[in-house]
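Chemist: Got final-v4.txt for you, compact mmCIF, C-alpha atoms:
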```txt
# COMPACT_ATOMS: atom_id res chain seq x y z
CA MET F 145 52.61 -35.21 227.09
CA LYS F 146 55.97 -34.05 228.31
CA LEU F 147 58.12 -32.16 225.84
CA ASN F 148 61.85 -32.52 226.18
CA LEU F 149 62.86 -31.24 222.77
CA LEU F 150 65.65 -28.85 223.73
CA LEU F 151 67.45 -27.95 220.52
CA ALA F 152 70.92 -29.36 220.17
CA GLY F 153 73.36 -26.66 220.99
CA LEU F 154 70.77 -24.40 222.62
CA LEU F 155 72.92 -24.08 225.68
CA THR F 156 76.62 -24.74 225.76
CA SER F 157 78.26 -25.83 229.00
CA ALA F 158 79.54 -22.27 229.36
CA ALA F 159 75.99 -20.95 229.04
CA PHE F 160 74.82 -23.46 231.60
CA ALA F 161 77.47 -22.12 233.96
CA ALA F 162 76.37 -18.56 233.30
CA ALA F 163 72.75 -19.56 233.79
CA ALA F 164 73.60 -21.27 237.04
CA MET F 165 75.10 -18.04 238.36
CA THR F 166 71.91 -16.09 237.62
CA THR F 167 69.31 -18.76 238.29
CA THR F 168 67.11 -18.28 241.31
CA ALA F 169 64.57 -20.53 242.90
CA SER F 170 62.00 -19.03 240.54
CA ALA F 171 63.88 -19.94 237.35
CA VAL F 172 61.79 -22.16 235.09
CA GLU F 173 61.95 -24.06 231.82
CA LEU F 174 59.60 -22.65 229.20
CA HIS F 175 58.42 -24.20 225.95
CA PHE F 176 58.12 -22.05 222.83
CA VAL F 177 56.53 -23.45 219.68
CA SER F 178 57.46 -22.10 216.27
CA GLY F 179 57.28 -22.99 212.61
CA ALA F 180 60.50 -23.89 210.83
CA THR F 181 61.40 -21.82 207.77
CA GLY F 182 64.88 -20.96 206.62
CA ASP F 183 67.22 -20.92 209.62
CA ASP F 184 64.61 -19.92 212.20
CA LEU F 185 65.58 -22.66 214.63
CA ALA F 186 69.26 -21.75 214.62
CA PHE F 187 68.35 -18.10 215.21
CA TYR F 188 66.09 -18.97 218.13
CA ALA F 189 68.78 -21.19 219.62
CA GLU F 190 71.17 -18.24 219.62
CA MET F 191 68.65 -15.80 221.05
CA PHE F 192 67.32 -18.10 223.75
CA LYS F 193 70.85 -18.83 224.86
CA LYS F 194 71.14 -15.08 225.52
CA TYR F 195 67.82 -15.14 227.32
CA THR F 196 69.00 -17.86 229.68
CA GLU F 197 72.12 -15.85 230.44
CA LYS F 198 69.92 -12.82 231.19
CA THR F 199 67.21 -14.44 233.28
CA GLY F 200 68.18 -17.98 234.24
CA ASP F 201 65.01 -19.30 232.57
CA THR F 202 65.66 -21.88 229.87
CA VAL F 203 63.62 -22.08 226.69
CA THR F 204 62.89 -25.30 224.83
CA VAL F 205 61.99 -24.74 221.19
CA VAL F 206 59.34 -27.11 219.89
CA PRO F 207 59.63 -27.04 216.10
CA MET F 208 56.60 -27.31 213.85
CA PRO F 209 56.25 -28.10 210.13
CA SER F 210 56.84 -25.13 207.81
CA SER F 211 53.23 -25.35 206.58
CA THR F 212 51.12 -22.85 208.52
CA THR F 213 48.07 -25.01 207.85
CA ASP F 214 49.69 -27.94 209.65
CA GLN F 215 50.87 -25.66 212.46
CA PHE F 216 47.39 -24.30 213.05
CA ALA F 217 45.89 -27.78 213.18
CA GLN F 218 48.44 -28.85 215.80
CA TYR F 219 47.89 -25.69 217.83
CA LYS F 220 44.16 -26.32 217.93
CA LEU F 221 44.70 -29.88 219.14
CA TRP F 222 47.04 -28.79 221.93
CA LEU F 223 44.87 -25.92 223.06
CA ALA F 224 41.64 -27.90 222.92
CA ALA F 225 43.29 -30.47 225.19
CA GLY F 226 44.38 -27.76 227.66
CA ASN F 227 48.02 -28.71 227.08
CA SER F 228 50.16 -27.08 229.77
CA ASP F 229 53.48 -28.12 228.23
CA ILE F 230 53.48 -25.24 225.74
CA ASP F 231 53.90 -21.79 227.29
CA VAL F 232 54.36 -19.43 224.34
CA TYR F 233 53.02 -19.87 220.82
CA GLN F 234 54.22 -18.12 217.70
CA THR F 235 51.02 -17.22 215.85
CA ASP F 236 50.10 -16.11 212.36
CA VAL F 237 48.47 -12.69 212.02
CA ILE F 238 45.19 -14.30 210.90
CA TRP F 239 44.75 -16.61 213.90
CA ALA F 240 43.82 -14.10 216.60
CA PRO F 241 40.01 -14.28 216.17
CA GLN F 242 40.08 -18.07 216.19
CA LEU F 243 42.35 -18.65 219.20
CA ALA F 244 41.56 -15.65 221.38
CA ASP F 245 39.84 -17.66 224.10
CA GLN F 246 42.91 -19.87 224.58
CA PHE F 247 45.44 -17.08 225.25
CA LEU F 248 46.07 -14.66 228.10
CA ASP F 249 45.17 -11.01 227.75
CA LEU F 250 48.46 -9.12 227.42
CA THR F 251 46.93 -5.64 227.53
CA ASP F 252 48.27 -4.70 230.95
CA ALA F 253 51.69 -6.30 230.45
CA ALA F 254 52.25 -4.41 227.20
CA LYS F 255 50.57 -1.11 228.07
CA ASP F 256 53.84 0.83 227.96
CA VAL F 257 55.09 -0.58 224.64
CA VAL F 258 52.07 -0.99 222.36
CA LYS F 259 52.54 2.59 221.16
CA ASP F 260 55.90 1.59 219.65
CA HIS F 261 54.34 -0.90 217.21
CA PHE F 262 52.41 -0.27 214.02
CA PRO F 263 48.86 0.46 215.25
CA SER F 264 47.29 -1.71 212.53
CA ILE F 265 49.19 -4.76 213.77
CA ILE F 266 48.22 -4.18 217.40
CA GLN F 267 44.64 -3.83 216.20
CA SER F 268 44.87 -7.12 214.27
CA GLN F 269 45.81 -8.92 217.49
CA THR F 270 43.10 -7.33 219.60
CA VAL F 271 39.87 -9.32 219.88
CA ASN F 272 36.92 -7.91 221.84
CA GLY F 273 39.26 -5.55 223.66
CA LYS F 274 41.73 -8.32 224.56
CA LEU F 275 45.33 -8.15 223.29
CA VAL F 276 45.71 -11.78 222.26
CA ALA F 277 49.33 -11.63 221.08
CA LEU F 278 52.30 -9.28 220.81
CA PRO F 279 53.78 -8.50 217.39
CA ALA F 280 57.10 -10.23 216.74
CA PHE F 281 57.68 -9.34 213.09
CA THR F 282 55.55 -8.33 210.16
CA ASP F 283 55.49 -9.54 206.60
CA ALA F 284 54.48 -8.55 203.12
CA PRO F 285 55.78 -10.34 200.04
CA ALA F 286 57.62 -8.88 197.11
CA LEU F 287 58.79 -9.90 193.65
CA TYR F 288 62.39 -11.10 193.72
CA TYR F 289 64.22 -10.73 190.41
CA ARG F 290 67.62 -11.59 188.98
CA LYS F 291 68.97 -8.17 188.14
CA ASP F 292 71.98 -9.68 186.33
CA LEU F 293 69.75 -11.66 183.96
CA LEU F 294 67.37 -8.78 183.30
CA GLU F 295 70.36 -6.63 182.41
CA LYS F 296 71.83 -9.38 180.23
CA TYR F 297 68.64 -9.67 178.18
CA LYS F 298 67.80 -5.96 178.37
CA GLN F 299 64.53 -6.53 180.20
CA PRO F 300 62.92 -3.92 182.48
CA VAL F 301 61.96 -4.51 186.09
CA PRO F 302 58.33 -5.52 185.50
CA LYS F 303 55.47 -3.36 186.67
CA THR F 304 52.67 -5.64 185.49
CA TRP F 305 52.13 -9.40 185.61
CA GLU F 306 52.11 -9.49 181.81
CA GLU F 307 55.52 -7.78 181.70
CA MET F 308 56.82 -10.25 184.27
CA ALA F 309 55.62 -13.25 182.27
CA ALA F 310 57.04 -11.90 179.02
CA SER F 311 60.47 -11.20 180.54
CA ALA F 312 60.45 -14.56 182.31
CA LYS F 313 59.93 -16.35 179.00
CA ILE F 314 62.64 -14.36 177.19
CA VAL F 315 65.25 -14.94 179.89
CA GLN F 316 64.26 -18.57 180.44
CA ASP F 317 64.51 -19.38 176.73
CA GLY F 318 67.79 -17.55 176.39
CA GLU F 319 69.42 -19.23 179.36
CA ARG F 320 68.23 -22.69 178.31
CA ALA F 321 69.65 -22.12 174.83
CA ALA F 322 72.94 -21.20 176.51
CA GLY F 323 72.99 -24.52 178.38
CA ASN F 324 71.11 -23.92 181.65
CA LYS F 325 68.35 -26.48 181.11
CA ASP F 326 67.09 -26.26 184.71
CA ILE F 327 66.12 -22.60 184.80
CA TRP F 328 62.50 -21.46 185.06
CA GLY F 329 60.98 -18.02 184.69
CA PHE F 330 58.86 -17.75 187.83
CA VAL F 331 58.39 -19.68 191.06
CA PHE F 332 55.65 -19.13 193.63
CA GLN F 333 53.69 -21.00 196.31
CA GLY F 334 51.24 -23.26 194.45
CA ASN F 335 50.60 -26.03 196.96
CA ALA F 336 47.07 -26.41 198.33
CA TYR F 337 47.60 -24.63 201.68
CA GLU F 338 47.42 -21.18 203.27
CA GLY F 339 50.33 -19.94 201.16
CA LEU F 340 48.26 -20.37 198.00
CA THR F 341 45.50 -18.28 199.55
CA CYS F 342 48.08 -15.50 199.95
CA ASP F 343 49.41 -15.78 196.38
CA ALA F 344 45.97 -16.07 194.82
CA LEU F 345 44.54 -13.19 196.85
CA GLU F 346 47.29 -11.02 195.35
CA TRP F 347 46.50 -12.12 191.80
CA VAL F 348 42.77 -11.60 192.25
CA LYS F 349 43.03 -8.30 194.13
CA SER F 350 45.59 -6.88 191.68
CA ALA F 351 43.25 -7.75 188.81
CA GLY F 352 40.42 -5.82 190.43
CA GLY F 353 38.64 -8.99 191.51
CA GLY F 354 38.15 -8.13 195.18
CA GLN F 355 39.31 -9.72 198.43
CA ILE F 356 37.35 -13.04 198.42
CA VAL F 357 35.12 -11.76 201.22
CA GLU F 358 34.96 -7.99 201.64
CA PRO F 359 35.36 -6.23 205.01
CA ASP F 360 31.58 -5.85 205.28
CA GLY F 361 31.09 -9.61 204.82
CA THR F 362 30.05 -9.52 201.15
CA ILE F 363 31.20 -12.62 199.25
CA SER F 364 32.88 -11.15 196.17
CA ILE F 365 35.08 -13.89 194.72
CA ASN F 366 32.75 -15.07 191.93
CA ASN F 367 33.43 -12.41 189.32
CA PRO F 368 34.94 -12.28 185.80
CA LYS F 369 38.11 -10.40 186.83
CA ALA F 370 38.96 -12.97 189.51
CA ALA F 371 38.35 -15.81 187.05
CA ALA F 372 40.50 -14.15 184.37
CA ALA F 373 43.36 -13.69 186.83
CA LEU F 374 43.39 -17.40 187.73
CA GLU F 375 43.13 -18.47 184.09
CA LEU F 376 46.19 -16.31 183.35
CA ILE F 377 48.22 -17.95 186.12
CA LYS F 378 47.17 -21.39 184.85
CA THR F 379 48.89 -20.65 181.53
CA TRP F 380 52.19 -20.16 183.38
CA VAL F 381 52.30 -23.67 184.85
CA ASN F 382 54.72 -25.79 182.80
CA THR F 383 55.57 -22.82 180.59
CA ILE F 384 57.42 -20.26 182.74
CA SER F 385 56.77 -22.11 186.02
CA PRO F 386 57.72 -25.73 186.68
CA PRO F 387 54.87 -28.26 186.81
CA GLY F 388 56.03 -29.06 190.34
CA VAL F 389 55.16 -25.51 191.44
CA LEU F 390 51.70 -26.84 192.33
CA ALA F 391 53.39 -28.63 195.25
CA TYR F 392 55.69 -25.74 196.26
CA GLN F 393 55.53 -23.93 199.56
CA GLU F 394 57.87 -21.09 200.55
CA GLU F 395 60.93 -23.25 201.07
CA GLU F 396 60.58 -25.19 197.81
CA SER F 397 60.31 -21.91 195.93
CA ARG F 398 63.34 -20.54 197.73
CA GLY F 399 65.29 -23.72 197.01
CA VAL F 400 64.83 -23.31 193.25
CA TRP F 401 65.57 -19.60 193.44
CA GLN F 402 68.64 -19.85 195.64
CA THR F 403 70.28 -22.48 193.42
CA GLY F 404 70.04 -20.00 190.54
CA ASN F 405 67.22 -21.74 188.70
CA ALA F 406 64.57 -19.01 188.61
CA VAL F 407 64.39 -15.54 187.08
CA PHE F 408 61.57 -14.30 189.32
CA MET F 409 60.19 -15.44 192.67
CA ARG F 410 57.29 -14.34 194.83
CA ASN F 411 58.27 -14.71 198.48
CA TRP F 412 58.41 -13.12 201.92
CA PRO F 413 61.23 -10.94 203.33
CA TYR F 414 63.00 -13.82 205.13
CA ALA F 415 64.27 -15.08 201.76
CA TYR F 416 66.28 -11.89 201.20
CA SER F 417 69.04 -12.44 203.74
CA LEU F 418 69.17 -16.17 202.97
CA GLY F 419 69.51 -15.39 199.27
CA ASN F 420 72.57 -13.31 200.10
CA GLY F 421 74.07 -16.00 202.31
CA ALA F 422 77.49 -17.53 201.71
CA ASP F 423 75.99 -20.73 200.29
CA SER F 424 73.63 -18.96 197.86
CA LYS F 425 74.31 -19.03 194.13
CA VAL F 426 72.39 -15.79 193.69
CA LYS F 427 74.24 -13.79 196.33
CA GLY F 428 74.51 -10.18 195.14
CA LEU F 429 72.69 -10.95 191.89
CA PHE F 430 69.11 -10.07 192.79
CA ASP F 431 66.84 -7.34 194.04
CA VAL F 432 63.19 -6.96 194.98
CA THR F 433 60.30 -4.82 193.83
CA THR F 434 56.61 -4.50 194.60
CA LEU F 435 54.40 -7.26 193.27
CA PRO F 436 53.16 -6.48 189.75
CA ASP F 437 49.93 -4.73 188.83
CA GLY F 438 47.24 -6.92 187.33
CA GLY F 439 45.13 -4.04 186.08
CA GLY F 440 43.73 -3.05 189.45
CA GLY F 441 46.93 -2.06 191.22
CA SER F 442 49.62 -3.95 193.10
CA ALA F 443 48.54 -6.13 196.02
CA ALA F 444 50.68 -7.82 198.67
CA THR F 445 49.11 -10.05 201.31
CA LEU F 446 49.67 -8.77 204.82
CA GLY F 447 51.46 -11.37 206.86
CA GLY F 448 53.37 -11.39 210.09
CA TRP F 449 53.92 -13.40 213.25
CA ASN F 450 53.15 -12.75 216.87
CA VAL F 451 53.70 -14.33 220.27
CA ALA F 452 50.86 -15.44 222.51
CA VAL F 453 50.85 -16.89 226.02
CA SER F 454 48.79 -20.01 226.62
CA LYS F 455 46.22 -19.67 229.38
CA TYR F 456 47.17 -23.23 230.35
CA SER F 457 50.82 -22.36 231.05
CA LYS F 458 52.02 -23.43 234.49
CA ASN F 459 54.29 -20.36 234.55
CA PRO F 460 52.19 -17.52 233.11
CA ASP F 461 54.33 -14.70 234.53
CA ALA F 462 57.57 -16.14 233.17
CA ALA F 463 55.87 -16.95 229.86
CA THR F 464 54.58 -13.39 229.57
CA LYS F 465 58.08 -12.09 230.30
CA LEU F 466 59.45 -14.26 227.47
CA ALA F 467 56.75 -13.08 225.06
CA MET F 468 57.53 -9.46 225.92
CA TRP F 469 61.21 -10.05 225.19
CA ILE F 470 60.53 -11.71 221.82
CA ALA F 471 58.41 -8.67 220.90
CA SER F 472 61.00 -6.19 222.21
CA ALA F 473 63.09 -3.77 220.18
CA GLU F 474 66.25 -5.67 221.17
CA PHE F 475 64.95 -8.97 219.80
CA GLN F 476 63.33 -7.43 216.72
CA LYS F 477 66.51 -5.59 215.83
CA GLU F 478 68.53 -8.81 216.00
CA ARG F 479 65.92 -10.55 213.87
CA ALA F 480 65.95 -7.72 211.32
CA VAL F 481 69.74 -7.64 211.07
CA LYS F 482 70.27 -11.41 210.92
CA ARG F 483 67.06 -12.64 209.28
CA SER F 484 65.84 -9.63 207.26
CA ASN F 485 62.46 -9.96 208.98
CA LEU F 486 60.51 -6.72 209.05
CA PRO F 487 60.11 -5.11 212.49
CA THR F 488 56.73 -4.10 213.87
CA ILE F 489 58.43 -1.36 215.89
CA VAL F 490 58.33 1.75 213.75
CA ALA F 491 61.60 3.27 215.04
CA LEU F 492 63.63 0.31 213.78
CA TYR F 493 63.00 1.34 210.17
CA ASP F 494 65.21 4.35 210.88
CA ASP F 495 67.84 2.40 212.82
CA ALA F 496 71.29 2.83 211.28
CA ASP F 497 72.46 -0.68 212.18
CA VAL F 498 69.39 -2.25 210.57
CA ALA F 499 69.79 -0.15 207.43
CA LYS F 500 73.47 -1.02 207.16
CA ALA F 501 72.96 -4.76 207.60
CA GLN F 502 69.74 -5.00 205.56
CA PRO F 503 69.42 -1.96 203.25
CA ILE F 504 66.22 -3.44 201.86
CA ILE F 505 64.25 -3.07 205.10
CA PRO F 506 63.69 0.70 204.92
CA GLN F 507 62.57 0.21 201.30
CA TRP F 508 59.94 -2.35 202.31
CA LYS F 509 57.66 0.44 203.44
CA ASN F 510 56.63 0.78 199.78
CA VAL F 511 55.46 -2.84 199.82
CA PHE F 512 53.33 -2.17 202.88
CA LEU F 513 51.54 0.62 201.09
CA ASN F 514 49.96 -2.11 198.92
CA ALA F 515 49.31 -4.63 201.69
CA VAL F 516 45.92 -6.32 201.70
CA PRO F 517 44.59 -8.36 204.64
CA ARG F 518 43.16 -11.82 204.28
CA PRO F 519 39.45 -11.94 205.17
CA SER F 520 39.95 -13.28 208.69
CA ALA F 521 38.20 -10.34 210.35
CA PRO F 522 34.84 -10.63 208.52
CA THR F 523 34.79 -14.45 208.59
CA LYS F 524 36.03 -14.78 212.20
CA VAL F 525 36.10 -18.41 213.43
CA LYS F 526 35.18 -19.65 209.95
CA TYR F 527 38.26 -18.17 208.30
CA ASN F 528 40.15 -21.44 208.12
CA GLU F 529 37.28 -23.09 206.26
CA VAL F 530 36.92 -20.06 203.97
CA SER F 531 40.62 -20.12 203.16
CA SER F 532 40.65 -23.89 202.61
CA ASP F 533 37.71 -23.68 200.22
CA PHE F 534 39.41 -20.81 198.36
CA TRP F 535 42.82 -22.42 197.98
CA SER F 536 41.16 -25.68 196.89
CA ALA F 537 39.24 -23.87 194.13
CA VAL F 538 42.41 -22.12 193.02
CA HIS F 539 44.50 -25.30 193.09
CA ASP F 540 41.86 -27.15 191.07
CA THR F 541 41.92 -24.36 188.49
CA LEU F 542 45.72 -24.28 188.19
CA SER F 543 45.76 -28.08 187.96
CA GLY F 544 43.27 -28.09 185.09
CA ASN F 545 40.42 -29.52 187.14
CA GLY F 546 37.61 -27.30 185.93
CA SER F 547 37.56 -23.73 184.70
CA ALA F 548 38.11 -20.78 186.99
CA ALA F 549 34.57 -19.58 186.34
CA ASP F 550 33.03 -22.92 187.33
CA ASN F 551 35.28 -23.35 190.35
CA LEU F 552 34.60 -19.85 191.64
CA GLU F 553 30.85 -20.32 191.19
CA ALA F 554 31.05 -23.49 193.30
CA LEU F 555 33.21 -21.64 195.83
CA GLU F 556 30.63 -18.89 196.16
CA ALA F 557 27.99 -21.49 196.99
CA LYS F 558 30.21 -23.01 199.69
CA LEU F 559 31.00 -19.63 201.23
CA THR F 560 27.34 -18.63 201.17
CA GLU F 561 26.53 -21.80 203.12
CA LEU F 562 29.27 -21.04 205.66
CA LYS F 563 28.03 -17.49 206.06
CA GLY F 564 24.50 -18.74 206.55
CA ALA F 565 25.71 -21.00 209.36
CA GLY F 566 27.06 -17.93 211.11
CA TRP F 567 30.45 -16.24 210.84
```
With the file now loaded, output its structure as structure tokens.

Modeler:
Amino acid sequence: MKLNLLLAGLLTSAAFAAAAMTTTASAVELHFVSGATGDDLAFYAEMFKKYTEKTGDTVTVVPMPSSTTDQFAQYKLWLAAGNSDIDVYQTDVIWAPQLADQFLDLTDAAKDVVKDHFPSIIQSQTVNGKLVALPAFTDAPALYYRKDLLEKYKQPVPKTWEEMAASAKIVQDGERAAGNKDIWGFVFQGNAYEGLTCDALEWVKSAGGGQIVEPDGTISINNPKAAAALELIKTWVNTISPPGVLAYQEEESRGVWQTGNAVFMRNWPYAYSLGNGADSKVKGLFDVTTLPDGGGGSAATLGGWNVAVSKYSKNPDAATKLAMWIASAEFQKERAVKRSNLPTIVALYDDADVAKAQPIIPQWKNVFLNAVPRPSAPTKVKYNEVSSDFWSAVHDTLSGNGSAADNLEALEAKLTELKGAGW
């Protein structure tokens, strides 16, 4: 398979001329694969144009679906086939244990810069002493809220899920009575995919119901607090959340929010800068806070994306150089300023330019204090199956297909079987 998917506009004729001046006999074309959320592709086009001007190497962006589940499936197919057309992969924080054997060890290449990144993120990408990927940006979700509407209806910024639901209903009913029939109280990621694992882990963990599988490998999901949390969320569907929320991923949630048709939204940091974009109906009208407490504290799923070099790349040195640049302070600062993505380089949280362009980024440290990892470490290569079984049980519950208690009991049996087969 030969990939010739150079993004339109990636290189202007002027950039080609500049590249030609710096290109040497060693200049190569590299292929970088990335998911598509928000305006990621436009951002990469701009940045890789700069990279060509710097190095002479050109970078073809191979876009993927926005669903991380679909991305992971495609990655596995390519890597299993030893595909040499892809040089650098953008990888989710949870994929390192599952794909480690397919990527180059970047330990030596990054030995002088790993100290600049959050140690926990470097650790998450290290498998059996091998640095599988370099951190590109980190993620933890927050609760977005319409500060104008909360002020209008004299509602507090919610600290608990119950407070959020109550305020959502009050504002939703008030706005509909005033003529806005399309507004909803709360949008989230309810589709049956990895995003629902993230949302549901937060609900369960914040209710004191554990982390699905605990760090020591104990299967903890089948408990009354976890079941109660899911039953609570089920009552929101078609009351404060649209019935279609059960098909929403991040972009569908953002679409409703950004057109002014939601009071609250659970989403990742990338939605902040887009929500303040020129085409956004909520520009300047919202703020963010930590996800609400469900009785056991606030919980925000640790996310983040990294860059890994395929061991099948025909140009491993050039690919490693590209990965290092994507993980660099220069690239991360541009991403923070233009995309509101959270840096993994600690010093950038104190950077004046970042704070001026995205005042929310320094504040996001409070969100990270409540970050909870998905159970990819204890379940290792079985994580994808564990997550799929979990989100399926949650989706069934929210859809009215069985009670939470019954679905979690069945889930426990499935996970016990997976564990018995060897994590």

Chemist: Between F:Gly404, F:Phe332, F:Phe247, F:His175, which is the closest to Trp380 of chain F once you count only C-alpha atoms?

Modeler: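 Between F:Gly404, F:Phe332, F:Phe247, F:His175, the residue approaching Trp380 of chain F most closely is F:Phe332.
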
Chemist: Which polymer residues have any atom within 10 Å of an atom of Asp249 of chain F, counting all atoms listed in the file, with same-chain residues fewer than 4 positions away left out, as a PyMOL selection string?

Modeler: chain F and resi 244-245+253-254+270-271+273-277+452-455+464

Chemist: May I have the residues within 8 Å of Ala463 of chain F as a VMD selection string, using all atoms listed in the file and disregarding those fewer than 2 positions away in the same chain?

Modeler: chain F and resid 174 231 to 232 453 457 459 to 461 465 to 467

Chemist: Just write the chosen residues, C-alpha atoms, as a PDB file, keeping the file's coordinate frame.

Modeler:
```
ATOM      1  CA  LEU F 174      59.600 -22.650 229.200  1.00  0.00           C
ATOM      2  CA  ASP F 231      53.900 -21.790 227.290  1.00  0.00           C
ATOM      3  CA  VAL F 232      54.360 -19.430 224.340  1.00  0.00           C
ATOM      4  CA  VAL F 453      50.850 -16.890 226.020  1.00  0.00           C
ATOM      5  CA  SER F 457      50.820 -22.360 231.050  1.00  0.00           C
ATOM      6  CA  ASN F 459      54.290 -20.360 234.550  1.00  0.00           C
ATOM      7  CA  PRO F 460      52.190 -17.520 233.110  1.00  0.00           C
ATOM      8  CA  ASP F 461      54.330 -14.700 234.530  1.00  0.00           C
ATOM      9  CA  LYS F 465      58.080 -12.090 230.300  1.00  0.00           C
ATOM     10  CA  LEU F 466      59.450 -14.260 227.470  1.00  0.00           C
ATOM     11  CA  ALA F 467      56.750 -13.080 225.060  1.00  0.00           C
TER      12      ALA F 467
END
```

Chemist: From the options F:Asn528, F:Gln502, F:Ser264, F:Gln316, which residue's atoms come nearest to Val490 of chain F, counting only C-alpha atoms?

Modeler: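 Using only C-alpha atoms, the shortest distance to Val490 of chain F belongs to F:Ser264.
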
Chemist: Could you work out how far atom CA of Trp328 of chain F lies from atom CA of Ala312 of chain F, giving the answer in Å with one decimal?

Modeler: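 These atoms are spaced 7.7 Å apart.
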
Chemist: Is it possible to get the residues within 7 Å of (56.7, -24.1, 199.1) (coordinates as in the file, counting all atoms listed in the file) written as a PyMOL selection string?

Modeler: chain F and resi 333+335+391-397

Chemist: May I ask for the distance between atom CA of Asp184 of chain F and atom CA of Ser424 of chain F, given in Å to one decimal place?

Modeler: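 If I compute the distance from atom CA of Asp184 of chain F to atom CA of Ser424 of chain F, I get 17.0 Å.
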
Chemist: Quick one, how far is atom CA of Thr282 of chain F from atom CA of Glu529 of chain F?

Modeler: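 About the pair atom CA of Thr282 of chain F and atom CA of Glu529 of chain F: they are 23.8 Å apart.
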
Chemist: Per residue of segment 378-480 of chain F within 12 Å of segment 347-365 of chain F, record the nearest atom pair and its distance in Å to one decimal, counting only C-alpha atoms, with rows in chain order and ascending residue number, as a Markdown table.

Modeler:
```
| residue | atom | partner | partner_atom | distance |
| --- | --- | --- | --- | --- |
| F:Lys378 | CA | F:Trp347 | CA | 11.6 |
| F:Arg410 | CA | F:Trp347 | CA | 11.4 |
| F:Thr434 | CA | F:Ser350 | CA | 11.6 |
| F:Leu435 | CA | F:Ser350 | CA | 9.0 |
| F:Pro436 | CA | F:Ser350 | CA | 7.8 |
| F:Asp437 | CA | F:Ser350 | CA | 5.6 |
| F:Gly438 | CA | F:Ala351 | CA | 4.3 |
| F:Gly439 | CA | F:Ala351 | CA | 5.0 |
| F:Gly440 | CA | F:Gly352 | CA | 4.4 |
| F:Gly441 | CA | F:Ser350 | CA | 5.0 |
| F:Ser442 | CA | F:Ser350 | CA | 5.2 |
| F:Ala443 | CA | F:Ser350 | CA | 5.3 |
| F:Ala444 | CA | F:Ser350 | CA | 8.7 |
| F:Thr445 | CA | F:Lys349 | CA | 9.6 |
```

Chemist: Using 8 Å of padding on each side, determine the axis-aligned box around all atoms of segment 219-238 of chain F present in the file and give its centre and edge lengths in Å to one decimal, as AutoDock Vina command-line options.

Modeler:
```
--center_x 48.0 --center_y -21.6 --center_z 220.3 --size_x 28.7 --size_y 33.8 --size_z 34.9
```

Chemist: Considering all atoms listed in the file, can you say which of F:Asp317, F:Ala189, F:Tyr337, F:Val516 comes closest to Ser210 of chain F?

Modeler: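 Under the stated criterion, the closest residue is F:Tyr337.
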
Chemist: Segment 537-540 of chain F: which residues within 12 Å, counting only C-alpha atoms, same-chain residues fewer than 3 positions away excluded, as a CSV table (one decimal) with C-alpha atoms, in the coordinates of the input?

Modeler:
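Once written, selection23.csv looks like this:
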```
chain,number,residue,atom,x,y,z
F,333,GLN,CA,53.7,-21.0,196.3
F,334,GLY,CA,51.2,-23.3,194.4
F,335,ASN,CA,50.6,-26.0,197.0
F,336,ALA,CA,47.1,-26.4,198.3
F,337,TYR,CA,47.6,-24.6,201.7
F,338,GLU,CA,47.4,-21.2,203.3
F,339,GLY,CA,50.3,-19.9,201.2
F,340,LEU,CA,48.3,-20.4,198.0
F,341,THR,CA,45.5,-18.3,199.6
F,342,CYS,CA,48.1,-15.5,200.0
F,343,ASP,CA,49.4,-15.8,196.4
F,344,ALA,CA,46.0,-16.1,194.8
F,345,LEU,CA,44.5,-13.2,196.8
F,347,TRP,CA,46.5,-12.1,191.8
F,348,VAL,CA,42.8,-11.6,192.2
F,356,ILE,CA,37.4,-13.0,198.4
F,365,ILE,CA,35.1,-13.9,194.7
F,366,ASN,CA,32.8,-15.1,191.9
F,370,ALA,CA,39.0,-13.0,189.5
F,371,ALA,CA,38.4,-15.8,187.0
F,372,ALA,CA,40.5,-14.2,184.4
F,373,ALA,CA,43.4,-13.7,186.8
F,374,LEU,CA,43.4,-17.4,187.7
F,375,GLU,CA,43.1,-18.5,184.1
F,376,LEU,CA,46.2,-16.3,183.4
F,377,ILE,CA,48.2,-18.0,186.1
F,378,LYS,CA,47.2,-21.4,184.8
F,381,VAL,CA,52.3,-23.7,184.8
F,389,VAL,CA,55.2,-25.5,191.4
F,390,LEU,CA,51.7,-26.8,192.3
F,391,ALA,CA,53.4,-28.6,195.2
F,392,TYR,CA,55.7,-25.7,196.3
F,530,VAL,CA,36.9,-20.1,204.0
F,531,SER,CA,40.6,-20.1,203.2
F,532,SER,CA,40.6,-23.9,202.6
F,533,ASP,CA,37.7,-23.7,200.2
F,534,PHE,CA,39.4,-20.8,198.4
F,543,SER,CA,45.8,-28.1,188.0
F,544,GLY,CA,43.3,-28.1,185.1
F,545,ASN,CA,40.4,-29.5,187.1
F,546,GLY,CA,37.6,-27.3,185.9
F,547,SER,CA,37.6,-23.7,184.7
F,548,ALA,CA,38.1,-20.8,187.0
F,549,ALA,CA,34.6,-19.6,186.3
F,550,ASP,CA,33.0,-22.9,187.3
F,551,ASN,CA,35.3,-23.4,190.4
F,552,LEU,CA,34.6,-19.8,191.6
F,553,GLU,CA,30.8,-20.3,191.2
F,554,ALA,CA,31.0,-23.5,193.3
F,555,LEU,CA,33.2,-21.6,195.8
F,556,GLU,CA,30.6,-18.9,196.2
F,557,ALA,CA,28.0,-21.5,197.0
F,558,LYS,CA,30.2,-23.0,199.7
F,559,LEU,CA,31.0,-19.6,201.2
```

Chemist: Point out the residue among F:Ala286, F:Ala473, F:Met468, F:Ile489 with the least atom-to-atom distance to Asp252 of chain F, counting all atoms listed in the file.

Modeler: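 Looking at the shortest contact to Asp252 of chain F, the residue is F:Met468.
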